[in-house]
Amino acid sequence: MKIAAASKELSRGVFWILDDTILAFPFRNDGIGVAKSGNTYNHKKLWYDVKPRGCSKPYNYYPRGRVDISNKGKAIIYMNPEISEDWIPSVCQEFGIRETPIIRYDYSQHYKCYLDDGWIPD
């Protein structure tokens with residue numbers, strides 16, 4: 001996979017795919033947003049502050065994912081399996097990923113969205 005040049009710094013963070021747009025929130029590398037608590041740690045808490053104006057959908061309506069960085073500096077993208085591989089270059093650009101990331105499709109309840117059987121709005 002060829003990754004387009006990016007000017008952004010490699011970052012952890014979360015994202016949603018809203019129809020034909022990526023809504024990405026890279027966490028600053030100064031420790032903000034990477035703690036296990038606070039409003040930026042998970043999609044649910046962050047959604048309140050970042051959802052598009054006029055959106056009445058819950059945080060778990062849209063397909064979503066997370067970017068993490070391994071101890072060796074390798075990007076790992078965890079995401080709902082309904083997110084097409086076509087979105088991977090956009091995720092890489094938004095999070096400053098310059099090398100081919102590890103992709104982990106997450107079939108758990110945690111990443112379910114309206115496209116999944118058994119999805120429950122939260």
# chains A, B, ... in the order shown; residues from 1 in each chain; ligands from 1
>>> select_by_dssp(residues="chain A", states="alpha helix (DSSP H)", output="PDB file with N, CA and C atoms, in the first residue's frame")
ATOM      1  N   HIS A  43     -15.033   7.258  22.021  1.00  0.00           N
ATOM      2  CA  HIS A  43     -15.952   7.847  21.054  1.00  0.00           C
ATOM      3  C   HIS A  43     -17.179   8.454  21.737  1.00  0.00           C
ATOM      4  N   LYS A  44     -17.713   7.748  22.694  1.00  0.00           N
ATOM      5  CA  LYS A  44     -18.951   8.184  23.337  1.00  0.00           C
ATOM      6  C   LYS A  44     -18.784   9.543  24.015  1.00  0.00           C
ATOM      7  N   LYS A  45     -17.724   9.707  24.787  1.00  0.00           N
ATOM      8  CA  LYS A  45     -17.504  10.967  25.500  1.00  0.00           C
ATOM      9  C   LYS A  45     -17.131  12.101  24.544  1.00  0.00           C
ATOM     10  N   LEU A  46     -16.375  11.813  23.525  1.00  0.00           N
ATOM     11  CA  LEU A  46     -15.941  12.829  22.571  1.00  0.00           C
ATOM     12  C   LEU A  46     -17.080  13.298  21.665  1.00  0.00           C
ATOM     13  N   TRP A  47     -17.999  12.405  21.315  1.00  0.00           N
ATOM     14  CA  TRP A  47     -19.076  12.703  20.368  1.00  0.00           C
ATOM     15  C   TRP A  47     -19.867  13.954  20.758  1.00  0.00           C
ATOM     16  N   TYR A  48     -20.132  14.125  22.016  1.00  0.00           N
ATOM     17  CA  TYR A  48     -20.907  15.273  22.484  1.00  0.00           C
ATOM     18  C   TYR A  48     -20.294  16.596  22.006  1.00  0.00           C
ATOM     19  N   ASP A  49     -18.973  16.674  22.010  1.00  0.00           N
ATOM     20  CA  ASP A  49     -18.273  17.904  21.651  1.00  0.00           C
ATOM     21  C   ASP A  49     -17.970  18.043  20.163  1.00  0.00           C
ATOM     22  N   VAL A  50     -17.994  16.945  19.413  1.00  0.00           N
ATOM     23  CA  VAL A  50     -17.523  17.009  18.024  1.00  0.00           C
ATOM     24  C   VAL A  50     -18.564  16.667  16.964  1.00  0.00           C
ATOM     25  N   ILE A  88      -8.823   3.745   4.132  1.00  0.00           N
ATOM     26  CA  ILE A  88      -7.539   3.645   4.824  1.00  0.00           C
ATOM     27  C   ILE A  88      -6.579   4.784   4.449  1.00  0.00           C
ATOM     28  N   PRO A  89      -6.448   5.158   3.169  1.00  0.00           N
ATOM     29  CA  PRO A  89      -5.566   6.300   2.873  1.00  0.00           C
ATOM     30  C   PRO A  89      -6.004   7.597   3.566  1.00  0.00           C
ATOM     31  N   SER A  90      -7.294   7.815   3.689  1.00  0.00           N
ATOM     32  CA  SER A  90      -7.782   9.021   4.381  1.00  0.00           C
ATOM     33  C   SER A  90      -7.442   8.965   5.862  1.00  0.00           C
ATOM     34  N   VAL A  91      -7.613   7.787   6.477  1.00  0.00           N
ATOM     35  CA  VAL A  91      -7.256   7.627   7.889  1.00  0.00           C
ATOM     36  C   VAL A  91      -5.758   7.883   8.057  1.00  0.00           C
ATOM     37  N   CYS A  92      -4.962   7.311   7.170  1.00  0.00           N
ATOM     38  CA  CYS A  92      -3.510   7.505   7.250  1.00  0.00           C
ATOM     39  C   CYS A  92      -3.142   8.985   7.133  1.00  0.00           C
ATOM     40  N   GLN A  93      -3.768   9.683   6.218  1.00  0.00           N
ATOM     41  CA  GLN A  93      -3.475  11.101   6.046  1.00  0.00           C
ATOM     42  C   GLN A  93      -3.853  11.897   7.292  1.00  0.00           C
ATOM     43  N   GLU A  94      -5.023  11.623   7.857  1.00  0.00           N
ATOM     44  CA  GLU A  94      -5.496  12.367   9.026  1.00  0.00           C
ATOM     45  C   GLU A  94      -4.632  12.150  10.269  1.00  0.00           C
TER      46      GLU A  94
END
>>> select_by_dssp(residues="region 15-112 of chain A", states="strand (DSSP E or B)", output="list in words")
Phe15, Trp16, Ile17, Leu18, Thr21, Ile22, Leu23, Ala24, Phe25, Pro26, Arg64, Gly65, Arg66, Val67, Asp68, Ile69, Ala75, Ile76, Ile77, Tyr78, Met79, Ile102, Ile103, Arg104 and Tyr105 of chain A
>>> write_last_selection(atoms="N, CA, C and O atoms", output="compact mmCIF listing (two decimals), in the first residue's frame")
# COMPACT_ATOMS: atom_id res chain seq x y z
N PHE A 15 -11.85 8.16 14.99
CA PHE A 15 -12.50 8.70 13.79
C PHE A 15 -13.84 8.02 13.57
O PHE A 15 -14.12 6.96 14.11
N TRP A 16 -14.66 8.72 12.79
CA TRP A 16 -15.95 8.20 12.32
C TRP A 16 -15.97 8.38 10.81
O TRP A 16 -15.34 9.28 10.28
N ILE A 17 -16.74 7.52 10.13
CA ILE A 17 -17.02 7.72 8.72
C ILE A 17 -18.48 8.14 8.63
O ILE A 17 -19.39 7.35 8.90
N LEU A 18 -18.72 9.39 8.28
CA LEU A 18 -20.07 9.95 8.18
C LEU A 18 -20.42 10.04 6.70
O LEU A 18 -20.00 10.98 6.03
N THR A 21 -17.66 11.33 4.36
CA THR A 21 -16.69 12.19 5.02
C THR A 21 -16.06 11.48 6.21
O THR A 21 -16.73 10.74 6.91
N ILE A 22 -14.78 11.73 6.42
CA ILE A 22 -14.13 11.22 7.62
C ILE A 22 -14.12 12.34 8.66
O ILE A 22 -13.81 13.49 8.35
N LEU A 23 -14.50 12.02 9.86
CA LEU A 23 -14.47 12.94 10.99
C LEU A 23 -13.38 12.39 11.91
O LEU A 23 -13.59 11.41 12.62
N ALA A 24 -12.19 13.00 11.85
CA ALA A 24 -11.01 12.45 12.54
C ALA A 24 -10.55 13.39 13.65
O ALA A 24 -10.56 14.61 13.48
N PHE A 25 -10.10 12.79 14.76
CA PHE A 25 -9.61 13.55 15.89
C PHE A 25 -8.30 12.97 16.41
O PHE A 25 -8.29 12.17 17.34
N PRO A 26 -7.19 13.37 15.76
CA PRO A 26 -5.88 12.93 16.27
C PRO A 26 -5.63 13.56 17.64
O PRO A 26 -5.95 14.73 17.86
N ARG A 64 -17.00 3.54 12.96
CA ARG A 64 -15.94 4.30 13.61
C ARG A 64 -14.71 3.42 13.85
O ARG A 64 -14.76 2.20 13.71
N GLY A 65 -13.64 4.09 14.23
CA GLY A 65 -12.40 3.37 14.49
C GLY A 65 -11.47 4.18 15.37
O GLY A 65 -11.79 5.29 15.79
N ARG A 66 -10.32 3.60 15.61
CA ARG A 66 -9.31 4.20 16.48
C ARG A 66 -7.95 3.88 15.90
O ARG A 66 -7.72 2.82 15.35
N VAL A 67 -7.04 4.83 16.04
CA VAL A 67 -5.64 4.62 15.66
C VAL A 67 -4.82 4.55 16.94
O VAL A 67 -4.96 5.39 17.82
N ASP A 68 -4.01 3.53 17.03
CA ASP A 68 -3.10 3.39 18.16
C ASP A 68 -1.70 3.23 17.59
O ASP A 68 -1.53 2.90 16.40
N ILE A 69 -0.71 3.46 18.40
CA ILE A 69 0.69 3.33 17.98
C ILE A 69 1.34 2.32 18.92
O ILE A 69 1.29 2.47 20.14
N ALA A 75 1.73 1.93 13.40
CA ALA A 75 0.33 2.35 13.50
C ALA A 75 -0.59 1.13 13.37
O ALA A 75 -0.40 0.27 12.50
N ILE A 76 -1.57 1.08 14.26
CA ILE A 76 -2.58 0.02 14.23
C ILE A 76 -3.94 0.71 14.15
O ILE A 76 -4.24 1.59 14.96
N ILE A 77 -4.73 0.34 13.14
CA ILE A 77 -6.05 0.91 12.97
C ILE A 77 -7.08 -0.15 13.35
O ILE A 77 -7.15 -1.20 12.72
N TYR A 78 -7.84 0.13 14.40
CA TYR A 78 -8.94 -0.72 14.82
C TYR A 78 -10.20 -0.08 14.25
O TYR A 78 -10.40 1.13 14.42
N MET A 79 -11.04 -0.87 13.57
CA MET A 79 -12.23 -0.25 13.00
C MET A 79 -13.34 -1.24 12.74
O MET A 79 -13.13 -2.45 12.67
N ILE A 102 -1.13 -1.63 10.40
CA ILE A 102 -1.79 -2.91 10.71
C ILE A 102 -3.27 -2.59 10.81
O ILE A 102 -3.66 -1.64 11.48
N ILE A 103 -4.11 -3.36 10.13
CA ILE A 103 -5.56 -3.14 10.16
C ILE A 103 -6.19 -4.26 10.99
O ILE A 103 -5.96 -5.43 10.72
N ARG A 104 -6.96 -3.87 11.97
CA ARG A 104 -7.67 -4.84 12.81
C ARG A 104 -9.16 -4.52 12.75
O ARG A 104 -9.60 -3.52 13.31
N TYR A 105 -9.90 -5.34 12.03
CA TYR A 105 -11.35 -5.17 12.00
C TYR A 105 -11.92 -5.68 13.31
O TYR A 105 -11.62 -6.80 13.72
>>> atom_distance(atom1="CA of Asp106 (chain A)", atom2="CA of Lys8 (chain A)")
25.7 Å
>>> closest_residue(among="A:Phe27, A:Thr100, A:Asn80, A:Glu9", to="Asn60 (chain A)", atoms="only C-alpha atoms")
A:Asn80
>>> atom_distance(atom1="CA of Arg12 (chain A)", atom2="CA of Phe95 (chain A)")
6.9 Å
